[in-house]
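Here's the structure, in structure tokens; my notes come after.
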Amino acid sequence: ALGDRHTTNDARSRRLVVVSNRLGNVRDLAQAGGLTAGILDALAERGGLWLGASEGHHGSAAGDEPLIHLERVGKIETAALTLPQQEYSLYYNGYANSTLWPLFHYRLDLVQHRSEFLHAYRQINARFAQALARLLSGNDDLIWVHDYHLIPLAAALRRLGLGNRIGFFLHIPFPPPDLFVATPDHAELIADLLQYDVLGFQTATDVTNFRRSARATGSTTFDAGGIAQSSGRTVLSRSFPIGIDVDAFARMANEAAEDVQIDSMRRQILGLKQIIGVDRLDYSKGLPGRMQAFARLLEKHPENERAVTYLQIASPTREEVAAYAEIRAQLEATAGSVNGKYADLTWTPIRYIHRTVPRSRLAGLLRASQVGLVTPLRDGMNLVAKEYIAAQDPADPGVLVLSRFAGAAEELAQSLIVNPYAVDEVADAIAKALAMPLEERIARHGALIERIRRNDAAQWRKSFLEALANMS
Ligand code: ADP
Ligand code: F6P
């Protein structure tokens with residue numbers, strides 16, 4: 001049962017141990033985005049340890065003894081775990097990003113099942129567990145595990161005899177049971193998840209999908225409060241929608257780099273508008289469809305020709321996975337064909353940039369754009385949607401066009417919600433956004449900013465850690 005033995009104070013006094021595949025950069029807090037920033041703030045606030053895979057050093061620790069590089073910056077200690085290169089690749093490019101990522105983003109057509117992927121996934125999780133067992137200071141440490149790379153970690157820790165409270169937060173969607181049970185490993189994945197004490201999801205839909213999938217495996221039932229009993233333990237599953245640090249992002253946008261401001265002023269004088277998209281170059285983000293919708297806008301609403309530019313910043317990601325190379329080629333072909341059709345000597349309709357941009361510049365670019373286009377085919381939350389809102393000038397805000405299939409759509413009802421598969425609908429929403437009167441823009445933005453403040457990064461980590469500490 002949920003006990004009140006641990007109060008909030010008690011929760012704060014216990015050491016926090018975070019585990020994720022990718023370690024955040026503790027030395028460059030300004031560059032930390034989304035997930036990383038949320039976790040770093042929690043660790044900076046109360047002190048603690050963060051364990052993750054060592055970057056670029058895979059290869060030398062094939063043996064049983066974990067090779068861990070410890071570093072301390074202020075109150076945060078990081079532990080970088082060296083992992084065998086080939087096994088790491090089968091785990092990261094393989095099971096995590098060729099099996100689980102497409103499955104959890106409803107893309108059964110892209111899922112690959114290979115026994116060596118699953119084997120490496122379990123091996124790497126066992127290595128994380130061994131490393132963690134050495135780093136823990138006792139049963140009282142609160143362990144917070146992040147994302148789909150580490151689903152079996154609690155089970156591996158329990159096998160080593162650890163009785164700590166262990167929480168898991170899934171940053172990506174959880175698929176409906178009909179899709180989930182298509183993976184041969186579904187029963188094991190559910191059994192692994194039920195080894196945690198708290199299971200956190202982005203949205204109510206994800207929680208429902210998880211519970212229905214768990215019921216479909218036949219091993220669990222949930223009471224009205226969402227509590228399951230599993231091997232004599234109590235498991236809480238709930239949504240904890242992730243957020244951003246609204247004020248910090250707004251400040252960064254306000255202090256935008258000079259060249260961003262000059263460019264924005266030039267556009268203002270010429271009466272030109274900018275639409276912006278910012279994403280990792282992932283097939284879940286709906287980028288080719290978004291470019292097609294922009295082309296449709298120019299076709300259906302020709303008053304926008306030469307008056308609007310669409311800036312798409314797409315950062316390189318998971319390039320060793322074939323589906324990512326394919327989406328890149330497809331996107332480049334789409335951008336090329338739209339520009340080929342519409343560009344003239346003075347106007348390039350799509351500016352496509354395939355790189356990662358410094359966060360402060362990104363914030364400035366979001367502020368300088370009259371429309372934010374966030375149209376994933378499926379997304380856990382999508383923090384760019386929240387960053388776009390936070391970046392706006394409240395006296396003259398831009399308009400967010402948001403996919404109904406982003407987790408953020410559950411909270412951000414005052415944006416223009418679209419179906420990203422319906423190209424005409426997206427084109428019409430962009431036209432509506434570009435023409436929206438100031439009064440309506442201010443009203444929508446006011447409601448949205450209020451919403452992202454309520455569910456911000458601080459609230460996210462506080463509510464998750466309180467739920468975890470309160471499990472008895
Ligand atoms: P995901 O976790 O799937 O990448 P999110 O939208 O939730 O999607 O988070 C992405 C984070 O990465 C955001 O903080 C966003 O600002 C940042 N980001 C995305 N693309 C870029 C880019 N090209 N340059 C810099 N930062 C980026
Ligand atoms: O938000 C989902 C997520 O997969 C995070 O877990 C991850 O750190 C981020 O996207 C970027 O992906 P990657 O770590 O594979 O570059």
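To be explicit about the labels: the chains of the structure tokens are called A, B, and onward in the order shown, and within each one the residues are counted from 1, while ligands get numbers from 1 in the order they are shown.
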Could you list the protein, DNA and RNA residues that have any atom within 9 Å of ligand 2, counting only C-alpha atoms and all ligand atoms, and write them as a ChimeraX atom specification?
/A:20-24,34-36,92-93,96-97,101,146-149,170-172,280,316-318,379-383
How would the residues just picked look written out with N, CA and C atoms as a tab-separated table (two decimals), in the first residue's frame?
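Wrote it out as part.tsv, contents follow:
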chain	number	residue	atom	x	y	z
A	20	SER	N	20.47	6.74	-16.79
A	20	SER	CA	19.93	6.85	-18.14
A	20	SER	C	21.02	6.40	-19.10
A	21	ASN	N	20.62	6.08	-20.32
A	21	ASN	CA	21.64	5.65	-21.28
A	21	ASN	C	22.65	6.76	-21.53
A	22	ARG	N	22.14	7.95	-21.83
A	22	ARG	CA	23.03	9.07	-22.15
A	22	ARG	C	23.23	9.93	-20.91
A	23	LEU	N	24.48	10.21	-20.59
A	23	LEU	CA	24.78	11.08	-19.44
A	23	LEU	C	24.67	12.53	-19.87
A	24	GLY	N	24.07	13.35	-19.04
A	24	GLY	CA	24.01	14.78	-19.37
A	24	GLY	C	25.37	15.42	-19.18
A	34	GLY	N	15.86	19.77	-22.65
A	34	GLY	CA	14.78	18.90	-22.21
A	34	GLY	C	15.09	17.98	-21.05
A	35	LEU	N	15.17	16.72	-21.37
A	35	LEU	CA	15.35	15.66	-20.38
A	35	LEU	C	16.57	15.91	-19.51
A	36	THR	N	17.69	16.25	-20.16
A	36	THR	CA	18.93	16.46	-19.43
A	36	THR	C	18.79	17.59	-18.42
A	92	TYR	N	22.04	-0.38	-28.47
A	92	TYR	CA	21.56	0.99	-28.76
A	92	TYR	C	20.96	1.10	-30.17
A	93	ASN	N	21.78	0.78	-31.20
A	93	ASN	CA	21.24	0.84	-32.57
A	93	ASN	C	20.25	-0.29	-32.80
A	96	ALA	N	17.24	-1.05	-28.76
A	96	ALA	CA	16.61	0.22	-28.34
A	96	ALA	C	16.01	0.95	-29.55
A	97	ASN	N	16.81	1.12	-30.61
A	97	ASN	CA	16.37	2.02	-31.68
A	97	ASN	C	15.88	1.34	-32.95
A	101	TRP	N	12.06	1.53	-30.23
A	101	TRP	CA	11.65	2.89	-30.68
A	101	TRP	C	10.52	2.81	-31.72
A	146	HIS	N	15.64	6.19	-16.39
A	146	HIS	CA	14.99	6.89	-17.50
A	146	HIS	C	15.03	6.13	-18.80
A	147	ASP	N	13.87	5.95	-19.33
A	147	ASP	CA	13.63	5.61	-20.74
A	147	ASP	C	13.86	4.15	-21.15
A	148	TYR	N	13.43	3.92	-22.41
A	148	TYR	CA	13.26	2.57	-22.95
A	148	TYR	C	14.54	1.77	-23.07
A	149	HIS	N	15.70	2.44	-22.99
A	149	HIS	CA	16.95	1.69	-23.06
A	149	HIS	C	17.12	0.78	-21.85
A	170	LEU	N	9.13	6.70	-18.57
A	170	LEU	CA	9.20	6.45	-20.01
A	170	LEU	C	8.99	7.77	-20.74
A	171	HIS	N	10.02	8.22	-21.46
A	171	HIS	CA	9.93	9.52	-22.14
A	171	HIS	C	9.19	9.44	-23.47
A	172	ILE	N	8.99	8.23	-23.96
A	172	ILE	CA	8.35	8.04	-25.27
A	172	ILE	C	6.95	7.46	-25.06
A	280	ARG	N	14.97	16.56	-33.86
A	280	ARG	CA	15.95	15.57	-34.30
A	280	ARG	C	15.42	15.01	-35.62
A	316	PRO	N	21.19	15.94	-36.56
A	316	PRO	CA	21.57	14.56	-36.88
A	316	PRO	C	21.34	13.65	-35.68
A	317	THR	N	20.87	12.44	-35.92
A	317	THR	CA	20.58	11.53	-34.83
A	317	THR	C	20.60	10.08	-35.32
A	318	ARG	N	21.12	9.17	-34.52
A	318	ARG	CA	21.07	7.72	-34.76
A	318	ARG	C	21.39	7.34	-36.21
A	379	ASP	N	4.63	11.19	-30.71
A	379	ASP	CA	5.71	11.74	-29.87
A	379	ASP	C	5.32	11.60	-28.40
A	380	GLY	N	6.30	11.26	-27.55
A	380	GLY	CA	6.01	11.09	-26.13
A	380	GLY	C	5.39	12.36	-25.56
A	381	MET	N	6.14	13.48	-25.63
A	381	MET	CA	5.62	14.77	-25.18
A	381	MET	C	5.81	15.79	-26.31
A	382	ASN	N	7.05	16.02	-26.66
A	382	ASN	CA	7.58	17.05	-27.55
A	382	ASN	C	7.80	18.35	-26.80
A	383	LEU	N	9.05	18.52	-26.38
A	383	LEU	CA	9.40	19.70	-25.60
A	383	LEU	C	9.55	20.94	-26.47
List the neighbours of A:Gln292 out to 8 Å using only C-alpha atoms; skip same-chain residues closer than 2 positions along the sequence, and give me the result as a list in words.
Pro288, Gly289, Arg290, Phe294, Ala295, Arg296, Thr334, Val338 and Val423 of chain A
Resulting file, chosen residues, N, CA and C atoms, as a short mmCIF file (atom, residue, chain, number, x, y, z; two decimals), in the first residue's frame:
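Full text of selection_1.cif as output:
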data_model
loop_
_atom_site.label_atom_id
_atom_site.label_comp_id
_atom_site.auth_asym_id
_atom_site.auth_seq_id
_atom_site.Cartn_x
_atom_site.Cartn_y
_atom_site.Cartn_z
N PRO A 288 8.86 15.01 -43.64
CA PRO A 288 8.49 15.12 -45.06
C PRO A 288 7.04 15.60 -45.22
N GLY A 289 6.13 15.08 -44.40
CA GLY A 289 4.73 15.50 -44.47
C GLY A 289 4.58 16.99 -44.16
N ARG A 290 5.41 17.47 -43.24
CA ARG A 290 5.37 18.89 -42.86
C ARG A 290 5.79 19.76 -44.03
N PHE A 294 3.62 22.52 -46.19
CA PHE A 294 4.06 23.89 -46.51
C PHE A 294 3.90 24.15 -48.02
N ALA A 295 4.26 23.16 -48.84
CA ALA A 295 4.09 23.32 -50.29
C ALA A 295 2.61 23.50 -50.63
N ARG A 296 1.76 22.76 -49.94
CA ARG A 296 0.31 22.85 -50.17
C ARG A 296 -0.19 24.25 -49.78
N THR A 334 12.51 16.00 -50.59
CA THR A 334 11.29 16.81 -50.49
C THR A 334 11.64 18.30 -50.47
N VAL A 338 10.44 21.01 -53.38
CA VAL A 338 9.61 22.19 -53.09
C VAL A 338 10.37 23.46 -53.50
N VAL A 423 -2.62 16.51 -45.06
CA VAL A 423 -1.77 17.59 -45.57
C VAL A 423 -2.56 18.90 -45.74
#
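Using only C-alpha atoms and all ligand atoms for every distance, the candidate list A:Arg114, A:Arg461, A:Arg134, A:Arg359 yields A:Arg359 as the residue closest to ligand 1.
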Can you list, as a PyMOL selection string, every residue of stretch 131-362 of chain A that DSSP puts in strand (DSSP E or B)?
chain A and resi 142-146+166-169+198-201+222+227-230+233-239+273-280+308-315+344+347+350-353
So, counting only C-alpha atoms, which residue among A:Ala248, A:Gly407, A:Gly48, A:Ser98 is closest to A:Val207?
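Looking only at the distances to A:Val207, the closest residue turns out to be A:Gly407.
Proximity ranking of A:Val278, A:Ile124, A:Leu311, A:Ala182 relative to A:Thr99 places A:Ala182 first, based on only C-alpha atoms.
Shortest separation to A:Gly286 among A:Ala467, A:Ala224, A:Leu402, A:Ala368 occurs at residue A:Leu402, atoms counted being only C-alpha atoms.
Computed from the coordinates, the atom CA of A:Leu81 to atom CA of A:Glu55 distance equals 8.7 Å.
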Could you pull out all residues of stretch 210-241 of chain A with a DSSP call of alpha helix (DSSP H) and give them as an NGL selection string?
:A and (210-216)
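Comparing the minimum interatomic distances between ligand 1 and each of A:Pro152, A:Pro184, A:Gly47, A:Gly243, counting only C-alpha atoms and all ligand atoms, we find that A:Gly243 sits nearest.
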Atom pair atom CA of A:Ala457 / atom CA of A:Ile242: separation (Å)
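Pair atom CA of A:Ala457 / atom CA of A:Ile242 returns 6.2 Å.
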If we count only C-alpha atoms, what is near A:Ile430 at a cut-off of 12 Å, once residues fewer than 2 positions away on the same chain are taken out, given as a short mmCIF file (atom, residue, chain, number, x, y, z; two decimals) with C-alpha atoms, in the first residue's frame?
data_model
loop_
_atom_site.label_atom_id
_atom_site.label_comp_id
_atom_site.auth_asym_id
_atom_site.auth_seq_id
_atom_site.Cartn_x
_atom_site.Cartn_y
_atom_site.Cartn_z
CA LYS A 273 7.12 36.00 -41.93
CA GLN A 274 8.98 32.93 -40.72
CA ILE A 275 7.66 29.48 -39.91
CA ILE A 276 9.97 27.29 -37.82
CA ARG A 290 5.37 18.89 -42.86
CA MET A 291 7.27 20.10 -45.91
CA ALA A 293 1.96 20.73 -46.05
CA PHE A 294 4.06 23.89 -46.51
CA ALA A 295 4.09 23.32 -50.29
CA ARG A 296 0.31 22.85 -50.17
CA LEU A 297 0.04 26.17 -48.31
CA LEU A 298 1.83 27.92 -51.18
CA LYS A 300 -3.77 26.81 -51.84
CA HIS A 301 -2.93 30.22 -50.38
CA ASN A 304 2.09 33.55 -48.99
CA VAL A 308 6.83 33.42 -45.89
CA TYR A 310 9.93 27.93 -43.57
CA GLN A 370 5.48 33.78 -36.33
CA VAL A 371 4.47 30.12 -36.56
CA GLY A 372 5.88 27.08 -34.71
CA LEU A 373 5.28 23.82 -36.58
CA VAL A 374 5.32 20.73 -34.38
CA THR A 375 3.74 17.91 -36.37
CA GLY A 398 3.45 33.57 -32.59
CA VAL A 399 1.06 30.66 -33.09
CA LEU A 400 1.78 26.99 -32.39
CA VAL A 401 0.49 24.41 -34.90
CA LEU A 402 0.58 21.11 -33.03
CA SER A 415 -2.74 25.69 -29.98
CA LEU A 416 -3.99 24.89 -33.49
CA ILE A 417 -4.33 21.11 -33.21
CA VAL A 418 -3.92 19.21 -36.49
CA PRO A 420 -0.30 15.50 -39.44
CA VAL A 423 -1.77 17.59 -45.57
CA ASP A 424 -4.59 20.01 -46.47
CA GLU A 425 -5.62 20.40 -42.85
CA VAL A 426 -2.06 21.29 -41.83
CA ALA A 427 -1.75 23.74 -44.74
CA ASP A 428 -5.01 25.45 -43.70
CA LYS A 432 -4.89 30.47 -40.20
CA ALA A 433 -1.87 30.93 -37.93
CA LEU A 434 -0.22 33.38 -40.33
CA ALA A 435 -3.39 35.47 -40.56
CA MET A 436 -4.45 35.29 -36.90
#
May I ask which of the residues A:Gly225, A:Gly138, A:Gly38, A:Gly446 is the closest one to ligand 1, counting only C-alpha atoms and all ligand atoms?
A:Gly38
For atom CA of A:Ala154 and atom CA of A:Leu236, the interatomic separation in Å (one decimal)
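Interatomic distance here is 14.4 Å.
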